[in-house]
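Inspection log for the structure reproduced underneath, given as structure tokens.
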Amino acid sequence: MKNTHIKTELPGPKARALLARDALVVSPSYPRDYPFVISHGSGAEVWDVDGNRFLDFAAGIAVCSTGHSHPAVVEAIKDAADRFLHISSDYWHEGQVKLAERMNQLAPMREPVMSFFAQSGTESVEAALKLARYVTGRSRFLGFLGGFHGRTMGSLAFTSSKYTQQKGFFPTMPGVTHVPYPNNYRPLFAGADQGRAVLSYIEDVLFVHNVPPAEVAAILVEPIQGEGGYLVPPDGFLAGLRELCDRHGILLIFDEVQSGVGRTGKMFACQHWDVEPDIMTLAKGLGSGMPIGMVVAKRSVMQHWSRGAHGNTYGGNPLCCAAALATLDLVEQRYQANAARVGDYFMRKLAALAAQYAVIGEVRGKGLMIGMELVTDRATKTPAKSLCDALITRAYHNGLILLACGQSTVRFMPPLMIDESQVDEALELLRISLESCMNSTGWGAGRYADDMLTP
Ligand code: PLP
């Protein structure tokens with residue numbers, strides 16, 4: 001099937017010209033996989049500078065939650081921009097207070113919360129770590145293998161989904177001990193319940209031999225692991241962590257940067273298991289594309305911060321707060337339920353695809369946070385990494401924007417406003433891409449070679 005939306009070779013001439021200029025002046029550190037150069041977007045569709053139209057199932061890495069340039073979000077930003085662009089976090093403005101009040105209503109904590117404003121996920125995580133140390137007077141932390149929390153020196157100390165993110169930067173913040181994230185598909189421990197096994201490992205091995213629990217300020221965990229492979233923890237795991245933290249006076253930090261704000265069909269992913277954190281970090285989907293992060297903490301925790309203990313220049317920017325308030329309206333009224341409904345439909349269709357292709361080892365997720373893990377065969381479960389890279393590349397050529405995660409998992413994180421017909425279109429593009437990969441020897445070209453990205 002020829003996709004009539006793709007009108008030029010890819011990358012097209014205008015995209016190539018921009019890539020050439022970029023290669024001379026923009027940092028080569030960005031982990032770019034294929035040469036998509038955006039011109040504009042609307043809803044779940046994006047167009048490149050050569051006029052080719054793509055279906056966007058990556059949403060700017062799970063950021064464009066309400067779709068590209070949702071009119072209500074754009075309107076709110078324009079309205080805020082007409083009044084003032086910036087005042088700094090040294091002063092007050094209503095947008096910031098409104099957003100913190102809104103979080104106080106929405107947060108999964110069973111007591112009132114307070115909020116700190118940031119610009120990104122990593123900055124939110126840094127603030128959460130500082131808060132945990134400040135409040136507990138303890139210095140150690142536990143994090144999870146496969147976790148991703150950002151790339152600044154504190155959050156990077158936890159990030160462990162790929163070693164390229166770490167390589168060349170050691171030492172990062174000291175005091176972080178990693179434990180495995182429970183994975184029933186690839187169990188590391190004996191027994192059917194990997195969640196329980198990880199909890200016992202922390203309690204009976206780590207706390208006994210290596211890390212005194214009384215020195216641990218907090219455990220930082222993604223309620224659904226994102227970058228590391230879209231792993232949904234076994235039931236009981238987060239509740240077990242909560243119980244373990246309570247017993248040892250350790251704070252529990254949920255990093256909801258990727259999984260929060262309606263993505264999983266609930267406002268926050270931890271609500272699937274009804275477990276409350278002490279501190280929660282947000283960013284990505286919160287601003288529909290505007291750079292905003294938040295640390296939301298129980299008032300009993302955050303109220304210990306003294307004046308001047310932590311701050312920034314741009315936190316709570318009025319345009320970002322306006323975008324976040326408009327986003328939360330849309331997500332609460334429509335898109336959270338839409339993500340649950342369309343996500344279920346999508347999962348069922350992917351399960352049907354898995355029945356046809358043995359290279360699909362597992363389909364998992366919640367709402368519109370869905371991973372499809374590719375394996376060379378189902379018995380050995382060897383990650384089919386080159387197939388995954390090739391599939392992402394082919395999908396781009398066929399008009400579908402995707403990203404990978406883990407070793408060989410395709411992740412689907414479209415805007416939360418998509419409908420079933422867009423899922424059908426994406427699935428057809430996915431199927432023909434998979435089919436063409438399977439039919440080419442060695443799964444064809446995998447990742448774009450560096451010289452394709454830097455012509
Ligand atoms: N935490 C999680 C769970 C993330 O997925 C990410 C980014 O992917 C971050 C933190 C870091 O966010 P940012 O890239 O905005 O710094």
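Residue numbers start at 1 in each chain; chains themselves are named A, B, ... in the order of the structure tokens; ligands are numbered from 1 in the order shown.
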- Message: Using only C-alpha atoms and all ligand atoms, which residues of the polymer chains come no farther than 7 Å from ligand 1? I'd like the answer as a PyMOL selection string.
- Response: chain A and resi 61+120-123+125+148-151+222+226-227+255-258+283-284
- Item | Distance query Leu429 of chain A at most 7 Å, only C-alpha atoms, self and fewer than 5 positions along chain excluded, as a PyMOL selection string | chain A and resi 395+398+400
Based on the selection just made, write N, CA and C atoms of those residues as a JSON list (two decimals), in the first residue's frame.
[["chain", "number", "residue", "atom", "x", "y", "z"],
["A", 395, "ALA", "N", 8.56, 2.60, 9.82],
["A", 395, "ALA", "CA", 7.30, 3.27, 10.17],
["A", 395, "ALA", "C", 7.38, 4.75, 9.78],
["A", 398, "ASN", "N", 6.84, 5.11, 6.28],
["A", 398, "ASN", "CA", 5.45, 4.86, 5.91],
["A", 398, "ASN", "C", 4.50, 5.90, 6.50],
["A", 400, "LEU", "N", 4.46, 7.10, 9.93],
["A", 400, "LEU", "CA", 4.07, 6.94, 11.33],
["A", 400, "LEU", "C", 5.26, 7.26, 12.23]]
- Tell me, as a PyMOL selection string, which residues lie within 9 Å of Ser259 of chain A, counting only C-alpha atoms; anything in the same chain fewer than 5 positions away does not count. chain A and resi 62+222-226+264+267-270+282+285+369
- helix (DSSP H, G or I) per DSSP on the backbone: members of segment 78-206 of chain A, as a ChimeraX atom specification: /A:78-83,94-106,121-136,153-156,163-165,194-206
- Message: So that I can see what lies close to Gly367 of chain A, please list as an MDAnalysis selection string the residues with an atom at most 8 Å from it, counting only C-alpha atoms and leaving out residues fewer than 5 positions away in the same chain.
- Response: chainID A and resid 263:266 339:344
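Compared by their closest atoms to Arg140 of chain A, and using only C-alpha atoms, the residues A:Ala355, A:Ile219, A:Ile87, A:Ala72 rank with A:Ile219 nearest.
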- Task: Go through segment 162-411 of chain A and collect every residue that DSSP, computed from the backbone, puts in strand (DSSP E or B); the answer should be as a VMD selection string.
- Result: chain A and resid 176 to 179 216 to 221 225 231 251 to 255 279 to 282 288 290 293 to 298 360 to 366 369 to 375 383 400 to 401 403 to 405 409 to 411
Output the selection as a short mmCIF file (atom, residue, chain, number, x, y, z; two decimals), in the first residue's frame - N, CA and C atoms for each residue.
data_model
loop_
_atom_site.label_atom_id
_atom_site.label_comp_id
_atom_site.auth_asym_id
_atom_site.auth_seq_id
_atom_site.Cartn_x
_atom_site.Cartn_y
_atom_site.Cartn_z
N VAL A 176 23.25 6.79 45.68
CA VAL A 176 22.10 6.09 45.06
C VAL A 176 22.43 4.60 44.88
N THR A 177 21.57 3.74 45.37
CA THR A 177 21.70 2.30 45.15
C THR A 177 20.55 1.84 44.28
N HIS A 178 20.89 1.09 43.23
CA HIS A 178 19.86 0.61 42.30
C HIS A 178 19.40 -0.80 42.65
N VAL A 179 18.12 -1.04 42.49
CA VAL A 179 17.59 -2.40 42.63
C VAL A 179 16.80 -2.71 41.35
N VAL A 216 18.35 6.11 54.58
CA VAL A 216 17.70 6.31 53.27
C VAL A 216 16.65 7.41 53.37
N ALA A 217 16.84 8.46 52.58
CA ALA A 217 15.89 9.57 52.57
C ALA A 217 14.63 9.18 51.79
N ALA A 218 14.82 8.57 50.61
CA ALA A 218 13.66 8.29 49.77
C ALA A 218 13.93 7.17 48.78
N ILE A 219 12.85 6.58 48.32
CA ILE A 219 12.89 5.65 47.18
C ILE A 219 12.23 6.38 46.01
N LEU A 220 12.94 6.45 44.89
CA LEU A 220 12.41 7.13 43.70
C LEU A 220 12.03 6.06 42.67
N VAL A 221 10.78 6.07 42.25
CA VAL A 221 10.32 5.01 41.34
C VAL A 221 9.30 5.55 40.35
N GLN A 225 7.30 1.94 34.48
CA GLN A 225 8.63 2.34 34.00
C GLN A 225 8.56 2.71 32.51
N LEU A 231 7.25 -0.83 31.38
CA LEU A 231 6.97 -1.98 32.26
C LEU A 231 5.91 -1.62 33.27
N LEU A 251 10.83 8.34 52.60
CA LEU A 251 9.83 8.99 51.75
C LEU A 251 9.71 8.23 50.42
N LEU A 252 8.49 8.18 49.91
CA LEU A 252 8.26 7.51 48.62
C LEU A 252 7.99 8.58 47.56
N ILE A 253 8.87 8.60 46.55
CA ILE A 253 8.71 9.58 45.45
C ILE A 253 8.24 8.84 44.20
N PHE A 254 7.09 9.22 43.67
CA PHE A 254 6.65 8.67 42.40
C PHE A 254 7.02 9.65 41.29
N ASP A 255 7.79 9.19 40.33
CA ASP A 255 8.10 10.01 39.17
C ASP A 255 7.01 9.76 38.13
N ILE A 279 5.87 12.35 47.72
CA ILE A 279 6.29 13.40 46.78
C ILE A 279 6.05 12.85 45.37
N MET A 280 5.61 13.74 44.47
CA MET A 280 5.37 13.29 43.08
C MET A 280 6.00 14.32 42.13
N THR A 281 6.64 13.82 41.08
CA THR A 281 7.20 14.74 40.09
C THR A 281 6.38 14.67 38.81
N LEU A 282 6.18 15.84 38.19
CA LEU A 282 5.41 15.94 36.95
C LEU A 282 6.17 16.80 35.95
N SER A 288 1.19 20.40 27.76
CA SER A 288 0.84 20.16 26.34
C SER A 288 1.95 20.58 25.39
N MET A 290 4.35 23.12 26.49
CA MET A 290 5.05 24.22 27.17
C MET A 290 5.93 23.63 28.27
N GLY A 293 7.43 21.85 34.82
CA GLY A 293 7.53 20.69 35.70
C GLY A 293 6.99 21.08 37.07
N MET A 294 6.60 20.10 37.84
CA MET A 294 6.13 20.39 39.20
C MET A 294 6.59 19.31 40.15
N VAL A 295 6.85 19.73 41.38
CA VAL A 295 7.01 18.78 42.47
C VAL A 295 5.80 18.99 43.36
N VAL A 296 5.04 17.93 43.54
CA VAL A 296 3.85 18.00 44.38
C VAL A 296 4.13 17.13 45.59
N ALA A 297 4.04 17.71 46.78
CA ALA A 297 4.39 16.94 47.99
C ALA A 297 3.32 17.16 49.05
N LYS A 298 3.20 16.17 49.91
CA LYS A 298 2.30 16.33 51.05
C LYS A 298 2.69 17.63 51.78
N ILE A 360 6.53 -10.57 18.15
CA ILE A 360 5.97 -9.72 19.21
C ILE A 360 5.91 -10.57 20.49
N GLY A 361 6.82 -10.27 21.40
CA GLY A 361 6.93 -11.09 22.62
C GLY A 361 5.88 -10.74 23.63
N GLU A 362 5.64 -9.45 23.82
CA GLU A 362 4.64 -9.04 24.81
C GLU A 362 4.09 -7.66 24.44
N VAL A 363 2.79 -7.49 24.67
CA VAL A 363 2.16 -6.17 24.57
C VAL A 363 1.69 -5.81 25.97
N ARG A 364 2.05 -4.63 26.45
CA ARG A 364 1.69 -4.29 27.83
C ARG A 364 1.47 -2.78 27.94
N GLY A 365 0.82 -2.38 28.99
CA GLY A 365 0.64 -0.96 29.22
C GLY A 365 -0.68 -0.65 29.87
N LYS A 366 -0.94 0.63 30.03
CA LYS A 366 -2.22 1.10 30.55
C LYS A 366 -2.57 2.36 29.78
N MET A 369 -0.29 4.44 27.19
CA MET A 369 1.13 4.23 27.47
C MET A 369 1.36 2.73 27.22
N ILE A 370 1.64 2.40 25.95
CA ILE A 370 1.64 1.00 25.55
C ILE A 370 2.99 0.62 24.93
N GLY A 371 3.51 -0.52 25.34
CA GLY A 371 4.77 -1.03 24.79
C GLY A 371 4.55 -2.35 24.07
N MET A 372 5.29 -2.54 22.98
CA MET A 372 5.23 -3.81 22.23
C MET A 372 6.67 -4.32 22.15
N GLU A 373 6.98 -5.34 22.94
CA GLU A 373 8.36 -5.83 23.00
C GLU A 373 8.62 -6.85 21.90
N LEU A 374 9.70 -6.64 21.16
CA LEU A 374 10.04 -7.53 20.04
C LEU A 374 11.16 -8.48 20.45
N VAL A 375 11.00 -9.74 20.07
CA VAL A 375 11.98 -10.77 20.44
C VAL A 375 12.34 -11.59 19.20
N PRO A 383 16.05 -10.14 22.97
CA PRO A 383 15.53 -8.87 22.44
C PRO A 383 15.90 -8.69 20.96
N LEU A 400 4.46 7.10 9.93
CA LEU A 400 4.07 6.94 11.33
C LEU A 400 5.26 7.26 12.23
N ILE A 401 5.07 8.20 13.13
CA ILE A 401 6.14 8.62 14.04
C ILE A 401 6.07 7.77 15.31
N LEU A 403 8.69 5.91 18.66
CA LEU A 403 9.98 5.84 19.35
C LEU A 403 10.09 4.48 20.02
N ALA A 404 11.31 4.11 20.37
CA ALA A 404 11.53 2.84 21.06
C ALA A 404 11.80 3.11 22.54
N CYS A 405 11.80 2.05 23.32
CA CYS A 405 12.26 2.14 24.71
C CYS A 405 12.77 0.76 25.11
N THR A 409 11.68 -2.50 22.58
CA THR A 409 10.24 -2.27 22.73
C THR A 409 9.83 -1.02 21.94
N VAL A 410 8.78 -1.18 21.12
CA VAL A 410 8.20 -0.03 20.44
C VAL A 410 7.22 0.57 21.42
N ARG A 411 7.33 1.88 21.65
CA ARG A 411 6.36 2.47 22.58
C ARG A 411 5.36 3.34 21.83
#
- Message: Calculated over only C-alpha atoms, which of the candidates A:Asn3, A:Ser440, A:Thr327, A:Ser39 has the smallest distance to Met417 of chain A?
- Response: A:Thr327
Residue neighbourhood His70 of chain A, 8 Å, only C-alpha atoms, exclusion window fewer than 3 positions, as a JSON list (two decimals) with C-alpha atoms, in the first residue's frame:
[["chain", "number", "residue", "atom", "x", "y", "z"],
["A", 42, "SER", "CA", -2.55, 19.64, 14.52],
["A", 43, "GLY", "CA", -4.07, 17.06, 16.86],
["A", 66, "THR", "CA", -3.91, 17.34, 24.22],
["A", 67, "GLY", "CA", -2.59, 17.02, 20.65],
["A", 73, "VAL", "CA", -4.30, 25.60, 25.08],
["A", 74, "VAL", "CA", -3.08, 28.04, 22.41]]
- Message: Given only C-alpha atoms as the basis, pick out the residue of A:Arg110, A:Ile418, A:Ser436, A:Pro212 nearest to Ala337 of chain A.
- Response: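 Closest residue, counting only C-alpha atoms: A:Ile418.
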- Task: Using only C-alpha atoms, determine which residues lie at most 8 Å from Asp389 of chain A, disregarding the query and same-chain residues fewer than 2 positions distant; provide the list as a ChimeraX atom specification.
- Result: /A:385-387,391-393,404,408,446-447
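Nearest-residue note for Tyr201 of chain A: choosing from A:Ala390, A:Leu244, A:Met438, A:Ala239, the minimum distance belongs to A:Leu244, counting only C-alpha atoms.
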